[in-house]
Every structure is written in structure tokens, then in C-alpha cells.
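J.: Below is the structure I would like to discuss, written out as C-alpha cells.
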Amino acid sequence: METPSDENNKIREPFLSSSPSKGGFGTLPFILATEAFERVATLGLSPNMIVYLRREFGMETAKAANVIFFWSAATNFTPIIGAFIADSYMGKYRMIGFGSVLCFLGMILLWSTAIIPQARPYCDQFNTTCEAPTTPQLLLLYCSLGLISIGAGGIRSSCMAFGADQLDKRNNPENTKTLQSFFGWYYATVTFSALIAVTLIVYVQDNLGWGMGFGIPVMLMFGSAVSFFLASSFYIKLKAKTSLLTGLAQVLVASFRNRHIELPSHATNEVYHIRKGSMLQVPSEKLRFLNKACVIKDPQEDLTSNGDASNPWNLCTVDQVEDLKALIRVMPLCSAGIMMSVNVYQGSFMVIQAGTMDRHVTPNFEIPAGSFSMFMMISIVVWIPFYDRIALPLASKIKGKSVRLGLKQRMGIGLLCSCASMVASAIVEYTRRKIAIEEGLSDEPPAVVHMSALWILPFYILGGLAEAFNGIGQIEFCYSELPKTMSTIAANIYGFGTFISNLVASFITSMVNNVTKRGGESWISSNMNKGHYDYYYCLLAGLSMLNFIYFLACCKAYGPCHGDNKNQAEKSKKGDYESIDDS
């Protein structure tokens, strides 16, 4: 077992061995450009993808939605795998480079389906009918989406951490402030890139065709790879080390292998394997079966001469066990956010819905259907500073004390906003469908009804508030509740939940389509005027309310948050603090 000083030496060695010119702020424009180009390229494909699959590949709405759900799931899951491989084997630099190349190749393949007629089935755009796609055509399509997901996962898993490596000088007193500044620029870059993607790229796709609309992301992805490799000689490249995920897996394996041993009735530090320099001497009583992973059965066999575990898959440290327990504790609360993400991903159907409504803002300008998702991002960008700089100070001024919302309360508000977004969507779709039938458009699904598409804005605005409250609250919750050594995992828990939500969304969509079409027209029919998307949204609203009840039960079982308690204790000493109880 390595001592903390040995571990620090390993981490800092690249800084000591690197020339003074390596790293620093000069490398950040190249790293941020890599992330920005990748985000614009990949996010620019997502909004209109359901339209592309329906028009150019003749897919039914439900099938096209499932393809997008699985694609989104893969894109959200691959960063987790990428982070593990980068930390354990490849290193962040190689992972980003590998991801850039794969994503670029995937973009080229997808572009080829738009510019090569033989790469997609023949479709009669006037009669909105298409031949069935052949196996090679589908294989080309799915391979392109798969390569994009893997490539994006390689970039997203390591780009932020790699940028932090360029600035993380432990002996610099301004280190924390510098890193906070970088993280702020990073998230600002990601948000701005997303806005560009859902506005300019989508506009090009709608007005200049798929060839140009997919060709621009290809050029952007090429720019992403070039910008990253241009500064290769100036980067600080840390070597891969053992991943924390490996340590957590070792706890599970060791506890299973030691499942037959008896836990000592009186725990002492001589019974358990303790990491040198650790403050934890004995494991907690919660989830006691995991404590068997750190029990020393025979010191001569289990430990080496310097006190390390002879086999880390048979014996773990108390710290490793407690890390896994902390992760298990936060998972139920975090899982409540899955349903919120399911609702957010209904935006694919909103694109179709917006396409059948009047999207004109002025007589000469109309918003592309795929660009309506920008309102969700705008609501997030507007709400966060409003909440932090206006709402809280105003409430504090009225109360005469500092006021804030607890972590779990913010997460709960986000879930309610998500539920409300589905209720609003159901009302709008009920009205839109009624108008379409009254205007005799039941058999003309592409026809535009006399109803403004701005009525679907409540879905995006409430969805943005849900993300701002629950999404950001969940990330902050994980950071405050998990040990500092698990900050990488804390950052990826939300992404993993998003991956699960895509699978859940696909399952719900398939079940609703298969069950409801037995009685005639499916609720989520390709003809929105004959389907009942309003019923589908009501179902999601009901599931969201059940999920909120589940969240309340998890809150009660979890108890108070450590972060809220800590802040409350510090502020209470000054007598100027008021917080809504979060327990």
C-alpha cells in the first residue's frame, strides 16, 4: 500500500519533469475549442434527427424515437467508460485524441447517408412514402451513430479534467481560484456551443438541406481534432493510474469472497485494514456486510511486509469500504432524477409537434422546429443568475436573514417543474389536435394548423427550470455528500442517470406504442392528428407524480444532508442564517 506522500509524488511527478512552458492558460483555448467544436457538431445533429429518420429512412415515429433514445443513452454512457479507461490505462490526452478521430469518422459516415443516394432508401417527398431501408443502409446509419457516441464519450470524459491538469499547481496559493475560473469558462463554453448547435446548425438543415446541415458538423469535428493536436507539445500529460472505480469493484469482490467470515463484535483498528495516514480506523455500522471486505483474517497471509494488502481483491481498506457505502447511499435520491430526464427527452416529439404549428415570429421569419430546444437552454442560463443574484438576496432582505433552499428541496422543486411541463404539453397537444380535426386535417399530418408554436414554450421553460433545480442540485448533492476522493464519480453520476433515463424513455415509448395500437391507432402514431400524444403526456405526468412520492420517501430515509448541516452550523454561529429544513 502506498503512503499518501508516495501517492502525491506520483501525481506531481509530471509537473516536476515538465518544462516551465508546459501547461498553463495558454493551452486552454485549444482544449476548450476541442470541446466546443465537438458539442456544436454532435448537438447540432440531435434536434432534427427524428425528422431525418422519418423523412429519409421512412421510420415510424416510435421506431425513430427509440433509435434516438438509444443513441442518446450511448452518448451519455460512453463518457463513464471513457473516464475509467483514461484513468486506468490510456491517459486523458490519448483518450481525447482517440475520441476526436472516432467522432470525425462517425460524422463522415452520417454525412455520406445524406449526400450519397444509394446510402439511404428512396423516398417520395411529395407522397411522404419511403421504401424500406436495406440492411447495409441501416448498418451504415447505426455505425455512424455508434462511432459518434464513442468518440463524443472519449472527448467528454476527459476534456474538463485534462484542462484542469494544465492549471492544477498544488503549490500555488491561487490554485483553487484558478480552477474555479476554468470550470466557469468550461460550462460557459458548453452552454454557448449548445445554443449555436440548436440555432445555426438546425437552421442550415431546415433551409439548405441535409447535405450542408451534416457537412458543417463534419468540418467542425475536423476543426476539433486539429485544434487539440496543434498544442500537443505544450500539454501536461499525466500518466494513467489505478481508477477509483477499480477500488469500488474490489470492495464488492472482496466482500463476496469473505461472505462466510464472522464480523468481530468489538471493532478495533487491529481487526481492519487501514490505509496509512487515514482518519478512518473502523468501518461504520451501515451496510455491515461490506465490512467483511476490510477484515484481516491472517496478517501474515493478507498483508505484505510493508503493510499493503497482498491481494487487493481479497482485502480492501476501510476507506474503500466507506467510499462504496457513501455511493450506495446517494443512489436512491439520484435515481429520482431519471424520470425528470425522461420528460426532457420528449423534445423529439415536440419537434414534430412544432412542425405542424405556426412557427412565425414575424411575417418573414419563422423559428425552425428543431431550434425550439434553445428556449430550454435560455431558461437555464437566465434562471441561474436570477436565482443567485436577485431571488435569494431579495428573500434575504425581506426576511432580514440570509435565506437559501436546501439541496433536496431544490431537487424536489425540479421534479415538480418536470411534472408540470408534461401537464402543459398534454393541454397544448389536446388543443392542437382538436383544431387540426376541426380544420379537416386528420389525414394530413404535415399540414400546419392555425395555432402558434409558441404555446409549446411552457414545456421548454419548465423543463429548463427542472434541469436548473434538480440537475444542478443533484450534482451539488453528490459533490457535498461523497468523499473528496470520489469527485470524479460525483461528476459522472448525473450522466449515468441520463443514460438510464434514455433506456427508460425507450421502454415507455415501446410499451405505449405496442399496447395502444392494439385498439387501432397508436397514441404515438406517425400521424399526430390521429394519435393521442396528449394521453401519452398525461401518462408521463402521472408517472412523474409517483416518482415525486418516491423521492419524498427517499428524502425521509436519507436524513439531513451533510453539506446543508455544515453550512447551517457555520452560519448559525453568526445568527444571520435561515434555511428551509431539508431533512
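Following the order of the C-alpha cells, chains are lettered A, B, ..., residues in each are numbered from 1, and ligands are numbered from 1.
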Near stretch 52-69 of chain A, counting only C-alpha atoms, which residues have an atom at most 8 Å away, once you skip same-chain residues fewer than 4 positions from it, shown as a PyMOL selection string?

T.: chain A and resi 46+48+73+120-123+125+128-133+345+348-349+502-503+505-506+509-510+513+524-526

J.: List the neighbours of A:Leu539 out to 9 Å using only C-alpha atoms; skip same-chain residues closer than 5 positions along the sequence, and give me the result as an mmCIF file with N, CA and C atoms, in the first residue's frame.

T.:
```cif
data_model
loop_
_atom_site.group_PDB
_atom_site.id
_atom_site.type_symbol
_atom_site.label_atom_id
_atom_site.label_comp_id
_atom_site.auth_asym_id
_atom_site.auth_seq_id
_atom_site.Cartn_x
_atom_site.Cartn_y
_atom_site.Cartn_z
ATOM 1 N N MET A 422 -45.086 18.297 -18.353
ATOM 2 C CA MET A 422 -45.862 17.281 -19.053
ATOM 3 C C MET A 422 -47.351 17.610 -19.046
ATOM 4 N N ASP A 534 -51.538 13.574 -26.368
ATOM 5 C CA ASP A 534 -51.987 14.186 -25.121
ATOM 6 C C ASP A 534 -52.156 13.128 -24.035
ATOM 7 N N SER A 544 -44.576 10.882 -13.278
ATOM 8 C CA SER A 544 -43.734 11.888 -12.623
ATOM 9 C C SER A 544 -44.218 12.172 -11.210
#
```

J.: Would you list the contacts of stretch 152-167 of chain A as a CSV table (one decimal) with N, CA and C atoms, in the first residue's frame, taking every protein, DNA or RNA residue within 7 Å and counting only C-alpha atoms, but skipping same-chain residues closer than 2 positions in sequence?

T.:
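Final file, selection_10.csv:
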```
chain,number,residue,atom,x,y,z
A,23,GLY,N,1.7,23.4,-20.1
A,23,GLY,CA,0.5,23.7,-19.3
A,23,GLY,C,0.2,25.2,-19.3
A,24,GLY,N,-0.6,25.5,-18.3
A,24,GLY,CA,-1.0,26.9,-18.1
A,24,GLY,C,-2.2,27.4,-19.0
A,28,LEU,N,-5.4,26.3,-22.8
A,28,LEU,CA,-6.9,26.2,-22.6
A,28,LEU,C,-7.7,26.5,-23.8
A,31,ILE,N,-8.0,23.4,-25.8
A,31,ILE,CA,-8.8,22.3,-25.1
A,31,ILE,C,-10.3,22.7,-25.2
A,35,GLU,N,-13.6,20.9,-27.1
A,35,GLU,CA,-14.9,20.6,-26.5
A,35,GLU,C,-16.0,21.4,-27.3
A,75,THR,N,-24.4,7.9,-25.9
A,75,THR,CA,-23.6,9.1,-25.8
A,75,THR,C,-23.4,9.5,-24.4
A,78,THR,N,-21.0,6.4,-22.7
A,78,THR,CA,-19.6,6.2,-23.1
A,78,THR,C,-18.6,7.1,-22.3
A,79,PRO,N,-19.0,8.3,-21.8
A,79,PRO,CA,-18.1,9.1,-21.0
A,79,PRO,C,-17.7,8.4,-19.7
A,80,ILE,N,-18.6,7.6,-19.2
A,80,ILE,CA,-18.2,6.9,-17.9
A,80,ILE,C,-17.2,5.8,-18.2
A,82,GLY,N,-15.2,5.9,-20.8
A,82,GLY,CA,-14.0,6.6,-21.2
A,82,GLY,C,-13.2,7.1,-20.1
A,83,ALA,N,-13.9,7.6,-19.0
A,83,ALA,CA,-13.2,8.1,-17.8
A,83,ALA,C,-12.4,6.9,-17.1
A,92,LYS,N,-5.6,10.8,-20.2
A,92,LYS,CA,-6.6,11.7,-20.8
A,92,LYS,C,-6.2,12.2,-22.2
A,95,MET,N,-7.0,9.6,-24.7
A,95,MET,CA,-8.4,9.4,-24.8
A,95,MET,C,-9.1,10.5,-25.6
A,96,ILE,N,-8.8,11.7,-25.4
A,96,ILE,CA,-9.4,12.8,-26.2
A,96,ILE,C,-9.0,12.7,-27.7
A,98,PHE,N,-8.1,10.0,-29.3
A,98,PHE,CA,-8.8,8.8,-29.8
A,98,PHE,C,-10.3,9.2,-30.1
A,99,GLY,N,-10.9,9.8,-29.2
A,99,GLY,CA,-12.3,10.2,-29.3
A,99,GLY,C,-12.6,11.2,-30.5
A,100,SER,N,-11.6,12.1,-30.7
A,100,SER,CA,-11.8,13.1,-31.7
A,100,SER,C,-11.7,12.4,-33.1
A,103,CYS,N,-15.0,10.3,-33.6
A,103,CYS,CA,-16.2,11.1,-33.8
A,103,CYS,C,-16.2,11.7,-35.2
A,148,ILE,N,-20.0,8.1,-33.4
A,148,ILE,CA,-20.2,9.5,-32.9
A,148,ILE,C,-20.3,9.4,-31.3
A,149,SER,N,-21.1,8.4,-30.9
A,149,SER,CA,-21.3,8.2,-29.4
A,149,SER,C,-20.0,7.9,-28.7
A,150,ILE,N,-19.2,6.9,-29.3
A,150,ILE,CA,-17.9,6.5,-28.7
A,150,ILE,C,-17.0,7.7,-28.7
A,169,LYS,N,-1.7,23.5,-10.1
A,169,LYS,CA,-0.4,23.6,-9.4
A,169,LYS,C,-0.7,23.6,-7.9
A,179,LEU,N,-8.8,27.2,-10.7
A,179,LEU,CA,-9.6,26.0,-11.2
A,179,LEU,C,-11.1,26.4,-11.3
A,235,TYR,N,1.1,20.4,-23.8
A,235,TYR,CA,0.3,19.9,-22.7
A,235,TYR,C,1.0,19.2,-21.6
A,236,ILE,N,0.5,19.3,-20.4
A,236,ILE,CA,1.0,18.5,-19.3
A,236,ILE,C,0.2,17.2,-19.4
```

J.: Give the strand (DSSP E) residues of stretch 298-392 of chain A, as DSSP finds them on the backbone, and put them as number ranges by chain.

T.: A: 360-362, 365-366

J.: Once you have the residues from the selection above, write them out as a PDB file, in the first residue's frame, restricted to C-alpha atoms.

T.:
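Written output follows (selection_27.pdb):
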```pdb
ATOM      1  CA  HIS A 360     -43.722  32.534 -37.482  1.00  0.00           C
ATOM      2  CA  VAL A 361     -42.421  35.216 -35.144  1.00  0.00           C
ATOM      3  CA  THR A 362     -42.681  37.890 -37.835  1.00  0.00           C
ATOM      4  CA  PHE A 365     -39.215  34.801 -40.140  1.00  0.00           C
ATOM      5  CA  GLU A 366     -40.157  31.509 -38.541  1.00  0.00           C
TER       6      GLU A 366
END
```

J.: Which residue, A:Ile493, A:Ala188, A:Val330, A:Ala74, has the smallest gap to A:Cys554 when you use only C-alpha atoms?

T.: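 Checking each of A:Ile493, A:Ala188, A:Val330, A:Ala74 against A:Cys554, counting only C-alpha atoms, the winner is A:Val330.
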
J.: List the spatial neighbours of stretch 545-551 of chain A as an MDAnalysis selection string - criterion: any atom at most 8 Å away, only C-alpha atoms, same-chain residues fewer than 4 positions off excluded.

T.: chainID A and resid 333 336 339 412 415:416 419 541 555

J.: Residues within 12 Å of stretch 213-217 of chain A, please, as a ChimeraX atom specification. Count only C-alpha atoms; anything in the same chain fewer than 2 positions from it doesn't count.

T.: /A:36-49,52,103-115,148,196-211,219-224

J.: Would you pick out the contacts of A:His260 at 12 Å or less, using only C-alpha atoms, so that residues sharing its chain but fewer than 4 positions from it are not included, and give the list as a PyMOL selection string?

T.: chain A and resi 254-256+289+292-293+295+297

J.: Neighbours of A:Gln320 within 9 Å (only C-alpha atoms; same-chain residues fewer than 6 positions away dropped), as JSON, numbers by chain?

T.: {"A": [244, 247, 248, 250, 251, 294]}

J.: Give the helix (DSSP H, G or I) residues of stretch 361-538 of chain A, as DSSP finds them on the backbone, and put them as a PyMOL selection string.

T.: chain A and resi 369-399+407-438+453-481+484-519+533-538

J.: Rounded to one decimal place, report the atom CA of A:Leu245-atom CA of A:Tyr93 distance in Å.

T.: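 These atoms are spaced 19.7 Å apart.
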
J.: Figure out the distance between atom CA of A:Phe499 and atom CA of A:Glu429, please, to one decimal in Å.

T.: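 Answer for the atom CA of A:Glu429 to atom CA of A:Phe499 separation: 27.3 Å.
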
J.: In terms of the shortest atom-to-atom distance over only C-alpha atoms, which of A:Gln409, A:Thr189, A:Asn306, A:Gln353 is closest to A:Met451?

T.: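 Of A:Gln409, A:Thr189, A:Asn306, A:Gln353, the one nearest A:Met451, counting only C-alpha atoms, is A:Gln353.
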
J.: Provide the atom CA of A:Tyr533 to atom CA of A:Glu521 distance in Å, to one decimal place.

T.: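 Between these atoms lies a distance of 11.3 Å.
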
J.: For A:Asn311, which of A:Ala354, A:Ala436, A:Val253, A:Val342 is the closest residue, counting only C-alpha atoms?

T.: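 The answer is A:Val253, which sits nearest to A:Asn311.
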
J.: Calculated over only C-alpha atoms, which of the candidates A:Val504, A:Ile435, A:Met377, A:Ile50 has the smallest distance to A:Leu457?

T.: A:Met377
